[in-house]
Structures are given as C-alpha cells and as structure tokens.
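Written out below as structure tokens is the structure these notes cover.
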Amino acid sequence: MIKVYGMDSCPGCKEVYKQIDGNKNFEIIDIGEHVMNLKEFLRLRDREAVFEEAKKGAYIGIPCFVLEGGKISLDPKDAGLESLE
C-alpha cells in the first residue's frame with residue numbers, strides 16, 4: 001500500500017486525492033486532521049533527503065508518497081499517478 005501524506009487545503013493534494021479516490025492501494029494520511037499524523041510526517045521530513053529542496057524553498061513537501069518498498073517521493077509519477085503540472 002502506498003501512503004500519501006497531504007492536507008485537504010493543499011491544491012496539489014486535492015488533485016492526487018481525485019486520482020486515487022476509491023483505490024485500495026493508497027492510504028491517505030491527512031496531516032491537518034490530527035497532531036499524530038503531523039508528527040509522523042515531520043519525522044519523515046526531518047530525516048529524508050528528498051525534502052531538502054522543499055525545505056530550501058520554504059515548502060511543506062506535500063503531497064508526499066511512501067511507496068511500498070519504503071522509498072519516499074514527492075513526485076506523483078513514482079506512485080503511478082499523473083503529474084501535477
């Protein structure tokens with residue numbers, strides 16, 4: 001299962017949510033829904049190099065995808081989805 005970290009108020013996340021609606025291969029983790037979800041995401045963001053560019057640009061780094069093999073990506077294409085461009 002692919003975990004998707006995001007928030008309902010994030011336009012890019014909303015686009016991803018539309019693409020994965022009803023797909024049991026994805027689990028949405030809304031970081032704005034509960035502080036535990038936010039803490040889980042921040043642990044990833046604090047230790048993973050994939051977030052360095054987002055941090056430099058003062059971005060949150062969502063939507064974020066944790067793929068089945070454990071790879072973390074900020075690119076929807078890595079999760080088999082359409083690009084957000």
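We name chains A, B, ... following the order of the structure tokens; residues begin at 1 in each chain, and ligands are numbered from 1 as shown.
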
Determine which residues of chain A DSSP labels as alpha helix (DSSP H) from the backbone of this structure, then write them out as a PDB file with all heavy atoms, in the first residue's frame.
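part-v5.pdb was written with the following content:
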```
ATOM      1  N   PRO A  11      -3.850  22.366  -2.774  1.00  0.00           N
ATOM      2  CA  PRO A  11      -4.371  22.132  -4.127  1.00  0.00           C
ATOM      3  C   PRO A  11      -3.762  20.906  -4.804  1.00  0.00           C
ATOM      4  O   PRO A  11      -4.466  20.138  -5.447  1.00  0.00           O
ATOM      5  CB  PRO A  11      -4.018  23.413  -4.880  1.00  0.00           C
ATOM      6  CG  PRO A  11      -3.851  24.454  -3.824  1.00  0.00           C
ATOM      7  CD  PRO A  11      -3.319  23.728  -2.623  1.00  0.00           C
ATOM      8  N   GLY A  12      -2.464  20.703  -4.668  1.00  0.00           N
ATOM      9  CA  GLY A  12      -1.825  19.534  -5.266  1.00  0.00           C
ATOM     10  C   GLY A  12      -2.323  18.240  -4.650  1.00  0.00           C
ATOM     11  O   GLY A  12      -2.510  17.237  -5.349  1.00  0.00           O
ATOM     12  N   CYS A  13      -2.554  18.270  -3.347  1.00  0.00           N
ATOM     13  CA  CYS A  13      -3.074  17.083  -2.661  1.00  0.00           C
ATOM     14  C   CYS A  13      -4.474  16.753  -3.158  1.00  0.00           C
ATOM     15  O   CYS A  13      -4.797  15.583  -3.380  1.00  0.00           O
ATOM     16  CB  CYS A  13      -3.089  17.301  -1.154  1.00  0.00           C
ATOM     17  SG  CYS A  13      -1.448  17.555  -0.445  1.00  0.00           S
ATOM     18  N   LYS A  14      -5.284  17.778  -3.350  1.00  0.00           N
ATOM     19  CA  LYS A  14      -6.645  17.551  -3.844  1.00  0.00           C
ATOM     20  C   LYS A  14      -6.629  16.861  -5.202  1.00  0.00           C
ATOM     21  O   LYS A  14      -7.440  15.970  -5.465  1.00  0.00           O
ATOM     22  CB  LYS A  14      -7.413  18.870  -3.941  1.00  0.00           C
ATOM     23  CG  LYS A  14      -7.862  19.411  -2.618  1.00  0.00           C
ATOM     24  CD  LYS A  14      -8.659  20.684  -2.817  1.00  0.00           C
ATOM     25  CE  LYS A  14      -9.097  21.261  -1.497  1.00  0.00           C
ATOM     26  NZ  LYS A  14      -9.933  22.450  -1.668  1.00  0.00           N
ATOM     27  N   GLU A  15      -5.696  17.251  -6.059  1.00  0.00           N
ATOM     28  CA  GLU A  15      -5.585  16.625  -7.377  1.00  0.00           C
ATOM     29  C   GLU A  15      -5.190  15.154  -7.245  1.00  0.00           C
ATOM     30  O   GLU A  15      -5.718  14.298  -7.945  1.00  0.00           O
ATOM     31  CB  GLU A  15      -4.567  17.373  -8.245  1.00  0.00           C
ATOM     32  CG  GLU A  15      -5.038  18.738  -8.689  1.00  0.00           C
ATOM     33  CD  GLU A  15      -6.316  18.675  -9.513  1.00  0.00           C
ATOM     34  OE1 GLU A  15      -6.417  17.813 -10.407  1.00  0.00           O
ATOM     35  OE2 GLU A  15      -7.219  19.483  -9.253  1.00  0.00           O
ATOM     36  N   VAL A  16      -4.274  14.876  -6.336  1.00  0.00           N
ATOM     37  CA  VAL A  16      -3.864  13.495  -6.097  1.00  0.00           C
ATOM     38  C   VAL A  16      -5.035  12.696  -5.527  1.00  0.00           C
ATOM     39  O   VAL A  16      -5.296  11.568  -5.945  1.00  0.00           O
ATOM     40  CB  VAL A  16      -2.643  13.434  -5.152  1.00  0.00           C
ATOM     41  CG1 VAL A  16      -2.417  12.028  -4.614  1.00  0.00           C
ATOM     42  CG2 VAL A  16      -1.393  13.932  -5.875  1.00  0.00           C
ATOM     43  N   TYR A  17      -5.750  13.272  -4.576  1.00  0.00           N
ATOM     44  CA  TYR A  17      -6.891  12.578  -3.967  1.00  0.00           C
ATOM     45  C   TYR A  17      -7.927  12.176  -5.021  1.00  0.00           C
ATOM     46  O   TYR A  17      -8.501  11.099  -4.939  1.00  0.00           O
ATOM     47  CB  TYR A  17      -7.557  13.447  -2.900  1.00  0.00           C
ATOM     48  CG  TYR A  17      -6.712  13.746  -1.680  1.00  0.00           C
ATOM     49  CD1 TYR A  17      -7.127  14.711  -0.774  1.00  0.00           C
ATOM     50  CD2 TYR A  17      -5.508  13.108  -1.435  1.00  0.00           C
ATOM     51  CE1 TYR A  17      -6.384  14.997   0.354  1.00  0.00           C
ATOM     52  CE2 TYR A  17      -4.752  13.399  -0.319  1.00  0.00           C
ATOM     53  CZ  TYR A  17      -5.182  14.358   0.578  1.00  0.00           C
ATOM     54  OH  TYR A  17      -4.443  14.645   1.690  1.00  0.00           O
ATOM     55  N   LYS A  18      -8.144  13.055  -6.004  1.00  0.00           N
ATOM     56  CA  LYS A  18      -9.086  12.734  -7.085  1.00  0.00           C
ATOM     57  C   LYS A  18      -8.612  11.504  -7.862  1.00  0.00           C
ATOM     58  O   LYS A  18      -9.407  10.653  -8.232  1.00  0.00           O
ATOM     59  CB  LYS A  18      -9.227  13.917  -8.052  1.00  0.00           C
ATOM     60  CG  LYS A  18     -10.024  15.071  -7.518  1.00  0.00           C
ATOM     61  CD  LYS A  18     -10.061  16.180  -8.561  1.00  0.00           C
ATOM     62  CE  LYS A  18     -10.567  17.482  -7.981  1.00  0.00           C
ATOM     63  NZ  LYS A  18     -10.496  18.578  -8.967  1.00  0.00           N
ATOM     64  N   GLN A  19      -7.311  11.438  -8.101  1.00  0.00           N
ATOM     65  CA  GLN A  19      -6.757  10.329  -8.875  1.00  0.00           C
ATOM     66  C   GLN A  19      -6.828   9.000  -8.121  1.00  0.00           C
ATOM     67  O   GLN A  19      -6.941   7.950  -8.739  1.00  0.00           O
ATOM     68  CB  GLN A  19      -5.292  10.607  -9.238  1.00  0.00           C
ATOM     69  CG  GLN A  19      -5.108  11.711 -10.246  1.00  0.00           C
ATOM     70  CD  GLN A  19      -3.654  11.847 -10.622  1.00  0.00           C
ATOM     71  OE1 GLN A  19      -3.006  10.880 -11.009  1.00  0.00           O
ATOM     72  NE2 GLN A  19      -3.130  13.064 -10.500  1.00  0.00           N
ATOM     73  N   ILE A  20      -6.751   9.042  -6.801  1.00  0.00           N
ATOM     74  CA  ILE A  20      -6.705   7.793  -6.041  1.00  0.00           C
ATOM     75  C   ILE A  20      -8.031   7.450  -5.360  1.00  0.00           C
ATOM     76  O   ILE A  20      -8.124   6.439  -4.663  1.00  0.00           O
ATOM     77  CB  ILE A  20      -5.566   7.806  -4.996  1.00  0.00           C
ATOM     78  CG1 ILE A  20      -5.765   8.887  -3.936  1.00  0.00           C
ATOM     79  CG2 ILE A  20      -4.224   7.955  -5.696  1.00  0.00           C
ATOM     80  CD1 ILE A  20      -4.727   8.876  -2.827  1.00  0.00           C
ATOM     81  N   VAL A  35      -2.793  15.715  15.209  1.00  0.00           N
ATOM     82  CA  VAL A  35      -1.399  16.037  15.509  1.00  0.00           C
ATOM     83  C   VAL A  35      -0.489  14.816  15.353  1.00  0.00           C
ATOM     84  O   VAL A  35       0.677  14.955  14.973  1.00  0.00           O
ATOM     85  CB  VAL A  35      -1.267  16.690  16.906  1.00  0.00           C
ATOM     86  CG1 VAL A  35      -1.533  15.669  18.007  1.00  0.00           C
ATOM     87  CG2 VAL A  35       0.085  17.338  17.075  1.00  0.00           C
ATOM     88  N   MET A  36      -0.989  13.627  15.597  1.00  0.00           N
ATOM     89  CA  MET A  36      -0.167  12.425  15.434  1.00  0.00           C
ATOM     90  C   MET A  36       0.209  12.219  13.965  1.00  0.00           C
ATOM     91  O   MET A  36       1.323  11.790  13.672  1.00  0.00           O
ATOM     92  CB  MET A  36      -0.886  11.194  15.987  1.00  0.00           C
ATOM     93  CG  MET A  36      -1.079  11.225  17.500  1.00  0.00           C
ATOM     94  SD  MET A  36       0.454  11.481  18.425  1.00  0.00           S
ATOM     95  CE  MET A  36       1.284   9.947  18.122  1.00  0.00           C
ATOM     96  N   ASN A  37      -0.696  12.531  13.059  1.00  0.00           N
ATOM     97  CA  ASN A  37      -0.389  12.439  11.628  1.00  0.00           C
ATOM     98  C   ASN A  37       0.686  13.449  11.249  1.00  0.00           C
ATOM     99  O   ASN A  37       1.598  13.145  10.482  1.00  0.00           O
ATOM    100  CB  ASN A  37      -1.638  12.687  10.780  1.00  0.00           C
ATOM    101  CG  ASN A  37      -2.690  11.622  10.937  1.00  0.00           C
ATOM    102  OD1 ASN A  37      -2.445  10.565  11.491  1.00  0.00           O
ATOM    103  ND2 ASN A  37      -3.882  11.909  10.454  1.00  0.00           N
ATOM    104  N   LEU A  38       0.579  14.654  11.795  1.00  0.00           N
ATOM    105  CA  LEU A  38       1.565  15.692  11.523  1.00  0.00           C
ATOM    106  C   LEU A  38       2.935  15.277  12.063  1.00  0.00           C
ATOM    107  O   LEU A  38       3.950  15.415  11.373  1.00  0.00           O
ATOM    108  CB  LEU A  38       1.127  17.023  12.142  1.00  0.00           C
ATOM    109  CG  LEU A  38       2.105  18.182  11.990  1.00  0.00           C
ATOM    110  CD1 LEU A  38       2.386  18.478  10.523  1.00  0.00           C
ATOM    111  CD2 LEU A  38       1.575  19.410  12.711  1.00  0.00           C
ATOM    112  N   LYS A  39       2.974  14.736  13.264  1.00  0.00           N
ATOM    113  CA  LYS A  39       4.238  14.306  13.854  1.00  0.00           C
ATOM    114  C   LYS A  39       4.884  13.186  13.035  1.00  0.00           C
ATOM    115  O   LYS A  39       6.099  13.185  12.825  1.00  0.00           O
ATOM    116  CB  LYS A  39       4.023  13.861  15.294  1.00  0.00           C
ATOM    117  CG  LYS A  39       3.719  15.033  16.232  1.00  0.00           C
ATOM    118  CD  LYS A  39       3.282  14.565  17.579  1.00  0.00           C
ATOM    119  CE  LYS A  39       4.457  14.277  18.464  1.00  0.00           C
ATOM    120  NZ  LYS A  39       4.069  13.954  19.856  1.00  0.00           N
ATOM    121  N   GLU A  40       4.074  12.269  12.555  1.00  0.00           N
ATOM    122  CA  GLU A  40       4.562  11.173  11.716  1.00  0.00           C
ATOM    123  C   GLU A  40       5.202  11.725  10.442  1.00  0.00           C
ATOM    124  O   GLU A  40       6.300  11.319  10.046  1.00  0.00           O
ATOM    125  CB  GLU A  40       3.388  10.251  11.380  1.00  0.00           C
ATOM    126  CG  GLU A  40       3.737   9.014  10.625  1.00  0.00           C
ATOM    127  CD  GLU A  40       2.507   8.147  10.389  1.00  0.00           C
ATOM    128  OE1 GLU A  40       1.687   7.960  11.310  1.00  0.00           O
ATOM    129  OE2 GLU A  40       2.367   7.663   9.245  1.00  0.00           O
ATOM    130  N   PHE A  41       4.517  12.694   9.815  1.00  0.00           N
ATOM    131  CA  PHE A  41       5.048  13.314   8.607  1.00  0.00           C
ATOM    132  C   PHE A  41       6.333  14.084   8.908  1.00  0.00           C
ATOM    133  O   PHE A  41       7.320  13.992   8.165  1.00  0.00           O
ATOM    134  CB  PHE A  41       4.016  14.250   7.975  1.00  0.00           C
ATOM    135  CG  PHE A  41       4.581  15.076   6.862  1.00  0.00           C
ATOM    136  CD1 PHE A  41       4.866  14.505   5.628  1.00  0.00           C
ATOM    137  CD2 PHE A  41       4.841  16.422   7.034  1.00  0.00           C
ATOM    138  CE1 PHE A  41       5.410  15.260   4.589  1.00  0.00           C
ATOM    139  CE2 PHE A  41       5.375  17.188   6.013  1.00  0.00           C
ATOM    140  CZ  PHE A  41       5.664  16.610   4.795  1.00  0.00           C
ATOM    141  N   LEU A  42       6.354  14.841   9.989  1.00  0.00           N
ATOM    142  CA  LEU A  42       7.535  15.638  10.318  1.00  0.00           C
ATOM    143  C   LEU A  42       8.754  14.772  10.590  1.00  0.00           C
ATOM    144  O   LEU A  42       9.884  15.167  10.272  1.00  0.00           O
ATOM    145  CB  LEU A  42       7.248  16.562  11.500  1.00  0.00           C
ATOM    146  CG  LEU A  42       6.293  17.713  11.198  1.00  0.00           C
ATOM    147  CD1 LEU A  42       6.001  18.504  12.466  1.00  0.00           C
ATOM    148  CD2 LEU A  42       6.836  18.617  10.097  1.00  0.00           C
ATOM    149  N   ARG A  43       8.552  13.584  11.167  1.00  0.00           N
ATOM    150  CA  ARG A  43       9.677  12.665  11.363  1.00  0.00           C
ATOM    151  C   ARG A  43      10.284  12.283  10.011  1.00  0.00           C
ATOM    152  O   ARG A  43      11.510  12.220   9.870  1.00  0.00           O
ATOM    153  CB  ARG A  43       9.236  11.421  12.124  1.00  0.00           C
ATOM    154  CG  ARG A  43       9.165  11.619  13.622  1.00  0.00           C
ATOM    155  CD  ARG A  43       9.019  10.315  14.377  1.00  0.00           C
ATOM    156  NE  ARG A  43       7.743   9.649  14.145  1.00  0.00           N
ATOM    157  CZ  ARG A  43       6.623   9.903  14.826  1.00  0.00           C
ATOM    158  NH1 ARG A  43       6.628  10.809  15.785  1.00  0.00           N
ATOM    159  NH2 ARG A  43       5.511   9.251  14.556  1.00  0.00           N
ATOM    160  N   LEU A  44       9.427  12.033   9.025  1.00  0.00           N
ATOM    161  CA  LEU A  44       9.927  11.738   7.675  1.00  0.00           C
ATOM    162  C   LEU A  44      10.656  12.942   7.098  1.00  0.00           C
ATOM    163  O   LEU A  44      11.761  12.830   6.565  1.00  0.00           O
ATOM    164  CB  LEU A  44       8.776  11.380   6.739  1.00  0.00           C
ATOM    165  CG  LEU A  44       8.105  10.041   6.884  1.00  0.00           C
ATOM    166  CD1 LEU A  44       6.916   9.949   5.926  1.00  0.00           C
ATOM    167  CD2 LEU A  44       9.072   8.910   6.612  1.00  0.00           C
ATOM    168  N   ARG A  45      10.020  14.085   7.190  1.00  0.00           N
ATOM    169  CA  ARG A  45      10.558  15.309   6.586  1.00  0.00           C
ATOM    170  C   ARG A  45      11.896  15.696   7.206  1.00  0.00           C
ATOM    171  O   ARG A  45      12.792  16.182   6.520  1.00  0.00           O
ATOM    172  CB  ARG A  45       9.557  16.447   6.762  1.00  0.00           C
ATOM    173  CG  ARG A  45       9.901  17.696   5.981  1.00  0.00           C
ATOM    174  CD  ARG A  45       8.789  18.720   6.121  1.00  0.00           C
ATOM    175  NE  ARG A  45       9.015  19.841   5.266  1.00  0.00           N
ATOM    176  CZ  ARG A  45       9.693  20.946   5.618  1.00  0.00           C
ATOM    177  NH1 ARG A  45      10.215  21.040   6.819  1.00  0.00           N
ATOM    178  NH2 ARG A  45       9.838  21.935   4.771  1.00  0.00           N
ATOM    179  N   ASP A  46      12.037  15.467   8.488  1.00  0.00           N
ATOM    180  CA  ASP A  46      13.271  15.838   9.177  1.00  0.00           C
ATOM    181  C   ASP A  46      14.451  14.942   8.812  1.00  0.00           C
ATOM    182  O   ASP A  46      15.597  15.372   8.887  1.00  0.00           O
ATOM    183  CB  ASP A  46      13.072  15.805  10.690  1.00  0.00           C
ATOM    184  CG  ASP A  46      12.214  16.947  11.200  1.00  0.00           C
ATOM    185  OD1 ASP A  46      11.969  17.904  10.436  1.00  0.00           O
ATOM    186  OD2 ASP A  46      11.774  16.878  12.364  1.00  0.00           O
ATOM    187  N   ARG A  47      14.204  13.701   8.413  1.00  0.00           N
ATOM    188  CA  ARG A  47      15.323  12.776   8.202  1.00  0.00           C
ATOM    189  C   ARG A  47      15.587  12.386   6.741  1.00  0.00           C
ATOM    190  O   ARG A  47      16.616  11.800   6.442  1.00  0.00           O
ATOM    191  CB  ARG A  47      15.132  11.528   9.038  1.00  0.00           C
ATOM    192  CG  ARG A  47      14.062  10.605   8.557  1.00  0.00           C
ATOM    193  CD  ARG A  47      14.085   9.278   9.307  1.00  0.00           C
ATOM    194  NE  ARG A  47      13.223   8.347   8.619  1.00  0.00           N
ATOM    195  CZ  ARG A  47      12.141   7.796   9.132  1.00  0.00           C
ATOM    196  NH1 ARG A  47      11.811   8.044  10.366  1.00  0.00           N
ATOM    197  NH2 ARG A  47      11.415   6.972   8.431  1.00  0.00           N
ATOM    198  N   GLU A  52      14.901  18.104   1.019  1.00  0.00           N
ATOM    199  CA  GLU A  52      15.845  19.228   1.110  1.00  0.00           C
ATOM    200  C   GLU A  52      15.455  20.397   0.211  1.00  0.00           C
ATOM    201  O   GLU A  52      15.495  21.541   0.629  1.00  0.00           O
ATOM    202  CB  GLU A  52      17.272  18.763   0.813  1.00  0.00           C
ATOM    203  CG  GLU A  52      17.860  17.887   1.894  1.00  0.00           C
ATOM    204  CD  GLU A  52      17.814  18.503   3.288  1.00  0.00           C
ATOM    205  OE1 GLU A  52      18.130  19.699   3.440  1.00  0.00           O
ATOM    206  OE2 GLU A  52      17.435  17.772   4.229  1.00  0.00           O
ATOM    207  N   GLU A  53      15.075  20.101  -1.014  1.00  0.00           N
ATOM    208  CA  GLU A  53      14.693  21.178  -1.935  1.00  0.00           C
ATOM    209  C   GLU A  53      13.427  21.887  -1.449  1.00  0.00           C
ATOM    210  O   GLU A  53      13.323  23.112  -1.524  1.00  0.00           O
ATOM    211  CB  GLU A  53      14.478  20.622  -3.339  1.00  0.00           C
ATOM    212  CG  GLU A  53      14.364  21.708  -4.383  1.00  0.00           C
ATOM    213  CD  GLU A  53      14.342  21.130  -5.788  1.00  0.00           C
ATOM    214  OE1 GLU A  53      15.104  20.193  -6.072  1.00  0.00           O
ATOM    215  OE2 GLU A  53      13.545  21.639  -6.585  1.00  0.00           O
ATOM    216  N   ALA A  54      12.470  21.130  -0.942  1.00  0.00           N
ATOM    217  CA  ALA A  54      11.241  21.720  -0.411  1.00  0.00           C
ATOM    218  C   ALA A  54      11.560  22.633   0.771  1.00  0.00           C
ATOM    219  O   ALA A  54      11.018  23.731   0.885  1.00  0.00           O
ATOM    220  CB  ALA A  54      10.254  20.629   0.009  1.00  0.00           C
ATOM    221  N   LYS A  55      12.448  22.183   1.642  1.00  0.00           N
ATOM    222  CA  LYS A  55      12.826  22.995   2.807  1.00  0.00           C
ATOM    223  C   LYS A  55      13.497  24.293   2.370  1.00  0.00           C
ATOM    224  O   LYS A  55      13.198  25.353   2.909  1.00  0.00           O
ATOM    225  CB  LYS A  55      13.779  22.212   3.711  1.00  0.00           C
ATOM    226  CG  LYS A  55      13.134  21.084   4.462  1.00  0.00           C
ATOM    227  CD  LYS A  55      14.207  20.383   5.288  1.00  0.00           C
ATOM    228  CE  LYS A  55      13.736  19.108   5.892  1.00  0.00           C
ATOM    229  NZ  LYS A  55      14.824  18.441   6.642  1.00  0.00           N
ATOM    230  N   LYS A  56      14.400  24.203   1.396  1.00  0.00           N
ATOM    231  CA  LYS A  56      15.087  25.402   0.907  1.00  0.00           C
ATOM    232  C   LYS A  56      14.108  26.407   0.323  1.00  0.00           C
ATOM    233  O   LYS A  56      14.298  27.601   0.428  1.00  0.00           O
ATOM    234  CB  LYS A  56      16.133  25.026  -0.134  1.00  0.00           C
ATOM    235  CG  LYS A  56      17.343  24.355   0.453  1.00  0.00           C
ATOM    236  CD  LYS A  56      18.324  23.955  -0.633  1.00  0.00           C
ATOM    237  CE  LYS A  56      19.457  23.147  -0.044  1.00  0.00           C
ATOM    238  NZ  LYS A  56      20.336  22.597  -1.087  1.00  0.00           N
TER     239      LYS A  56
END
```

Within 7 Å of Met7 of chain A, counting only C-alpha atoms, which residues qualify if same-chain residues fewer than 5 places away don't, as a count of residues only? 4

If you count only C-alpha atoms, which residues fall within 7 Å of segment 61-77 of chain A, apart from same-chain ones fewer than 5 positions away, as a list in words? Met1, Ile2, Lys3, Val4, Tyr5, Gly6, Gly12, Cys13, Val50, Phe51, Ala54, Glu82 and Ser83 of chain A

Go ahead and dump the residues you just picked, C-alpha atoms, as a short mmCIF file (atom, residue, chain, number, x, y, z; two decimals), in the first residue's frame.
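So the final result, stored in out09.cif, reads:
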```cif
data_model
loop_
_atom_site.label_atom_id
_atom_site.label_comp_id
_atom_site.auth_asym_id
_atom_site.auth_seq_id
_atom_site.Cartn_x
_atom_site.Cartn_y
_atom_site.Cartn_z
CA MET A 1 0.00 0.00 0.00
CA ILE A 2 1.23 3.50 -0.84
CA LYS A 3 0.88 6.11 1.89
CA VAL A 4 0.02 9.63 0.77
CA TYR A 5 0.70 12.43 3.23
CA GLY A 6 -1.23 15.60 2.47
CA GLY A 12 -1.82 19.53 -5.27
CA CYS A 13 -3.07 17.08 -2.66
CA VAL A 50 14.11 14.08 -0.67
CA PHE A 51 12.71 17.04 1.30
CA ALA A 54 11.24 21.72 -0.41
CA GLU A 82 -0.35 11.71 -13.31
CA SER A 83 1.94 14.69 -12.80
#
```

Quick one: pick out all strand (DSSP E or B) residues within segment 20-63 of chain A from a backbone DSSP run and write them as a PyMOL selection string. chain A and resi 26-30

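The coordinates place atom CA of Ile28 of chain A at 13.2 Å from atom CA of Cys10 of chain A.
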
Quick check, in Å to one decimal: how far apart do atom CA of Asn25 of chain A and atom CA of Asp78 of chain A lie? 13.7 Å
